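These notes concern the structure reproduced below.
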Amino acid sequence: MSVSAQASDRPKLLGLDRIGLESLFVEWGEPRFRAAQVLQWLHARQVGDFAQMSNVNKVLRERLEENCEVGELAVLREQHAGDGTRKWLLGLPDGNAIETVFIPEDERGTLCISSQVGCSLACSFCATGAQGLNRNLETHEIIAQIRVARRELGLDAISNVVFMGMGEPLLNLKQVLPAIRLLLDDYGYGLGSRRVTVSTAGVLPGLAQLGRESPVNLAISLHATRDDIRDELVPINRHYPLRELLAACRAYPLPPRRRITFEYVMLDGINDQDQHARELVRLLAGIPAMVNLIPFNPFPEARYRRSSQARIDAFREIILRAGLMTVTRKTRGDDIAAACGQLAGQVQQGRRSVPLRVLN
């Protein structure tokens, strides 16, 4: 089926999880098991032509064709980095565009997907935050990113999905949670909960809801050990300061043998000194944690510099000696602006503000 250039009010099947499809089919007088069949065709087998859904009766196939759309997105641009990273600019029917990145590694293939068109949190080290927020993505627009990547890479190329692209996922949980359910559904993408990660800058109401409703991995964009520094880097800290954020992390219902990943961008002279490393160790005491040190990736008009490798190594050594699991993220895709903090897309009339509630 072709990708429509304009928005349509017809239901987008990529945005319906098993619960949503069952509700639709019951309304149509069809048995619930039809939902599993259609899920498998759409997601596991990547089929978009209803006529090919051979175990679905003809009447239902025709009704789907007449009343629904798959909900695919158009690829406006594809870029290949020297290290094998690939980035897609995907067009939305309203004229906006989002970016999605695939990062190949020896034992995994990670797809970094977006949850909003832009971002309202205005983190000062992030290109997405500099654009502001236009709107939330719909569930089908979130899932369509995976569909594009699997079409280009092969059905088995993606082993991990991370909500670390454009936007703050916890401000769009109404659309993100059904997308997660599709990722975990055996008739959808069949990913284990350990292979899906949601990253947040610390939206505490959304954090509590995610903990109640989903078993996936959690990553916290921390980036500072003091409120005054974090207020500048991650402005939502002015509303949910470090004390409250870390208390929420301690109370978070982690599945057994899981750790919370704390992301920490390394900014020269800002948050990368030895005392900051020691403060980080104290902050994370009692939390099953892994620290992910991220060398800063510059973007136009950025006012920071990346910490030197020697400084990053010294910072990491202090954390390791304290017994915390720590890795330094390898910069990937920076030659095509696909590295952490560099995603921009095309955002129309973005607004910069720090919302205080989850947008449901």
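Quick note on naming: the chains in the structure tokens go A, B, ... in the order shown, residues restart at 1 in each chain, and ligands are numbered from 1 in order of appearance.
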
Legend entry - DSSP helix (DSSP H, G or I) residues within segment 1-156 of chain A, as a PyMOL selection string: chain A and resi 13-15+18-27+33-44+50-52+58-67+127-131+139-153

Legend entry - Long-range neighbours of Leu204 of chain A as a list of chain:residue names, 8 Å cut-off, only C-alpha atoms, 4 positions minimum in chain: A:Ala208, A:Tyr240, A:Leu245, A:Ala248

Restricting it to C-alpha atoms, dump the selection as a JSON list (two decimals), in the first residue's frame.
[["chain", "number", "residue", "atom", "x", "y", "z"],
["A", 208, "ALA", "CA", 5.60, 6.12, 38.18],
["A", 240, "TYR", "CA", 11.68, 17.58, 39.71],
["A", 245, "LEU", "CA", 14.29, 12.06, 41.02],
["A", 248, "ALA", "CA", 11.68, 7.90, 42.58]]

Set the distance at 10 Å and use only C-alpha atoms: which residues neighbour segment 177-182 of chain A once local chain neighbours fewer than 5 positions away are removed? I'd like the list as a compact mmCIF listing (two decimals) with C-alpha atoms, in the first residue's frame.
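Final output, saved to part30.txt:
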# COMPACT_ATOMS: atom_id res chain seq x y z
CA LEU A 14 0.15 0.00 12.97
CA GLY A 15 -1.06 1.98 15.97
CA LEU A 16 -3.41 -0.69 17.35
CA ASP A 17 -1.98 -3.16 19.83
CA ARG A 18 -3.68 -6.48 20.50
CA ILE A 19 -6.22 -4.81 22.81
CA GLY A 20 -7.02 -2.17 20.20
CA LEU A 39 -0.86 -8.46 14.16
CA HIS A 43 4.43 -6.72 12.31
CA SER A 115 8.44 9.62 20.46
CA GLU A 138 0.90 8.79 17.37
CA THR A 139 1.48 5.11 18.13
CA HIS A 140 1.44 4.20 14.45
CA GLU A 141 4.12 6.83 13.77
CA ILE A 142 6.31 5.32 16.48
CA ILE A 143 5.89 1.80 15.14
CA VAL A 161 14.82 -0.80 20.51
CA PHE A 163 13.26 5.31 23.03
CA PRO A 169 8.77 9.45 25.97
CA LEU A 170 7.18 9.91 29.39
CA ASN A 172 3.66 10.80 25.50
CA TYR A 187 2.56 -11.75 17.40
CA GLY A 188 4.10 -8.29 17.01
CA TYR A 189 7.88 -7.90 17.24
CA GLY A 190 8.50 -10.50 19.93
CA LEU A 191 11.22 -8.57 21.75
CA SER A 193 11.50 -6.73 27.89
CA VAL A 196 13.48 -2.40 25.03
CA THR A 197 14.66 0.71 26.87
CA VAL A 198 12.81 3.93 27.67
CA GLN A 209 3.14 5.15 35.45
CA LEU A 210 5.80 3.42 33.37
CA GLU A 213 2.49 -0.65 33.46
CA SER A 214 5.63 -1.84 31.69
CA PRO A 215 8.58 -4.16 32.49
CA VAL A 216 11.06 -2.62 30.03

Inset, instruction - Apply DSSP to the backbone of this structure and, from segment 232-272 of chain A, keep only the residues in strand (DSSP E or B); write these as an NGL selection string. - result: :A and (260-267)

With N, CA and C atoms kept, could you save the residues just selected as an mmCIF file, in the first residue's frame?
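Saved to part_15.cif:
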data_model
loop_
_atom_site.group_PDB
_atom_site.id
_atom_site.type_symbol
_atom_site.label_atom_id
_atom_site.label_comp_id
_atom_site.auth_asym_id
_atom_site.auth_seq_id
_atom_site.Cartn_x
_atom_site.Cartn_y
_atom_site.Cartn_z
ATOM 1 N N ILE A 260 19.026 0.286 36.660
ATOM 2 C CA ILE A 260 18.680 1.528 35.973
ATOM 3 C C ILE A 260 19.954 2.084 35.358
ATOM 4 N N THR A 261 19.886 2.442 34.086
ATOM 5 C CA THR A 261 21.026 3.086 33.433
ATOM 6 C C THR A 261 20.942 4.591 33.654
ATOM 7 N N PHE A 262 22.031 5.163 34.146
ATOM 8 C CA PHE A 262 22.102 6.608 34.335
ATOM 9 C C PHE A 262 23.034 7.184 33.268
ATOM 10 N N GLU A 263 22.451 7.989 32.376
ATOM 11 C CA GLU A 263 23.211 8.573 31.275
ATOM 12 C C GLU A 263 23.830 9.890 31.738
ATOM 13 N N TYR A 264 25.098 10.067 31.378
ATOM 14 C CA TYR A 264 25.845 11.221 31.892
ATOM 15 C C TYR A 264 26.719 11.755 30.760
ATOM 16 N N VAL A 265 26.306 12.882 30.163
ATOM 17 C CA VAL A 265 27.064 13.463 29.064
ATOM 18 C C VAL A 265 28.274 14.202 29.630
ATOM 19 N N MET A 266 29.422 14.001 29.023
ATOM 20 C CA MET A 266 30.672 14.548 29.540
ATOM 21 C C MET A 266 30.981 15.887 28.877
ATOM 22 N N LEU A 267 30.846 16.970 29.661
ATOM 23 C CA LEU A 267 31.011 18.336 29.173
ATOM 24 C C LEU A 267 32.239 18.968 29.813
#

Inset, instruction - Within 8 Å of segment 308-315 of chain A, counting only C-alpha atoms, which residues show up once you throw out same-chain ones fewer than 3 positions away? Write them as a PyMOL selection string, please. - result: chain A and resi 266+268+272-274+277+293+295+318-319

Legend entry - Selection: 8 Å around segment 321-330 of chain A, only C-alpha atoms, excl. self and same-chain fewer than 3 positions, as an NGL selection string: :A and (281 or 289-295 or 316-318)

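Counting from atom CA of Ser124 of chain A, the distance to atom CA of Ile287 of chain A is 26.8 Å.
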
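Pairwise distance (atom CA of Asn57 of chain A, atom CA of Pro31 of chain A) equals 11.5 Å.
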
Inset, instruction - For each of A:Pro235, A:Gly286, A:Pro93, A:Gly269, take the minimum atom-to-atom distance to Ala247 of chain A, counting only C-alpha atoms, then give the residue where this is smallest. - result: A:Gly286

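Nearest-residue note for Ile236 of chain A: choosing from A:Leu254, A:Gly167, A:Val56, A:Ser120, the minimum distance belongs to A:Ser120, counting only C-alpha atoms.
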
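Near Arg230 of chain A, within 12 Å and counting only C-alpha atoms, sit A:Cys123, A:Ser124, A:Phe125, A:Ala201, A:Gly202, A:Ser221, A:Leu222, A:His223, A:Ala224, A:Thr225, A:Arg226, A:Asp227, A:Leu233, A:Val234, A:Pro235, A:Ile236, A:Asn237, A:Arg238, A:His239, A:Tyr240, A:Pro241, A:Leu242, A:Arg243, A:Leu245, A:Tyr264, A:Val265, A:Ile270, A:Asn271, not including residues fewer than 3 positions from it in the same chain.
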
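When only C-alpha atoms are used to measure the gap to Gly129 of chain A, the shortest distance among A:Leu280, A:Asp106, A:Gln37, A:Ala302 belongs to A:Ala302.
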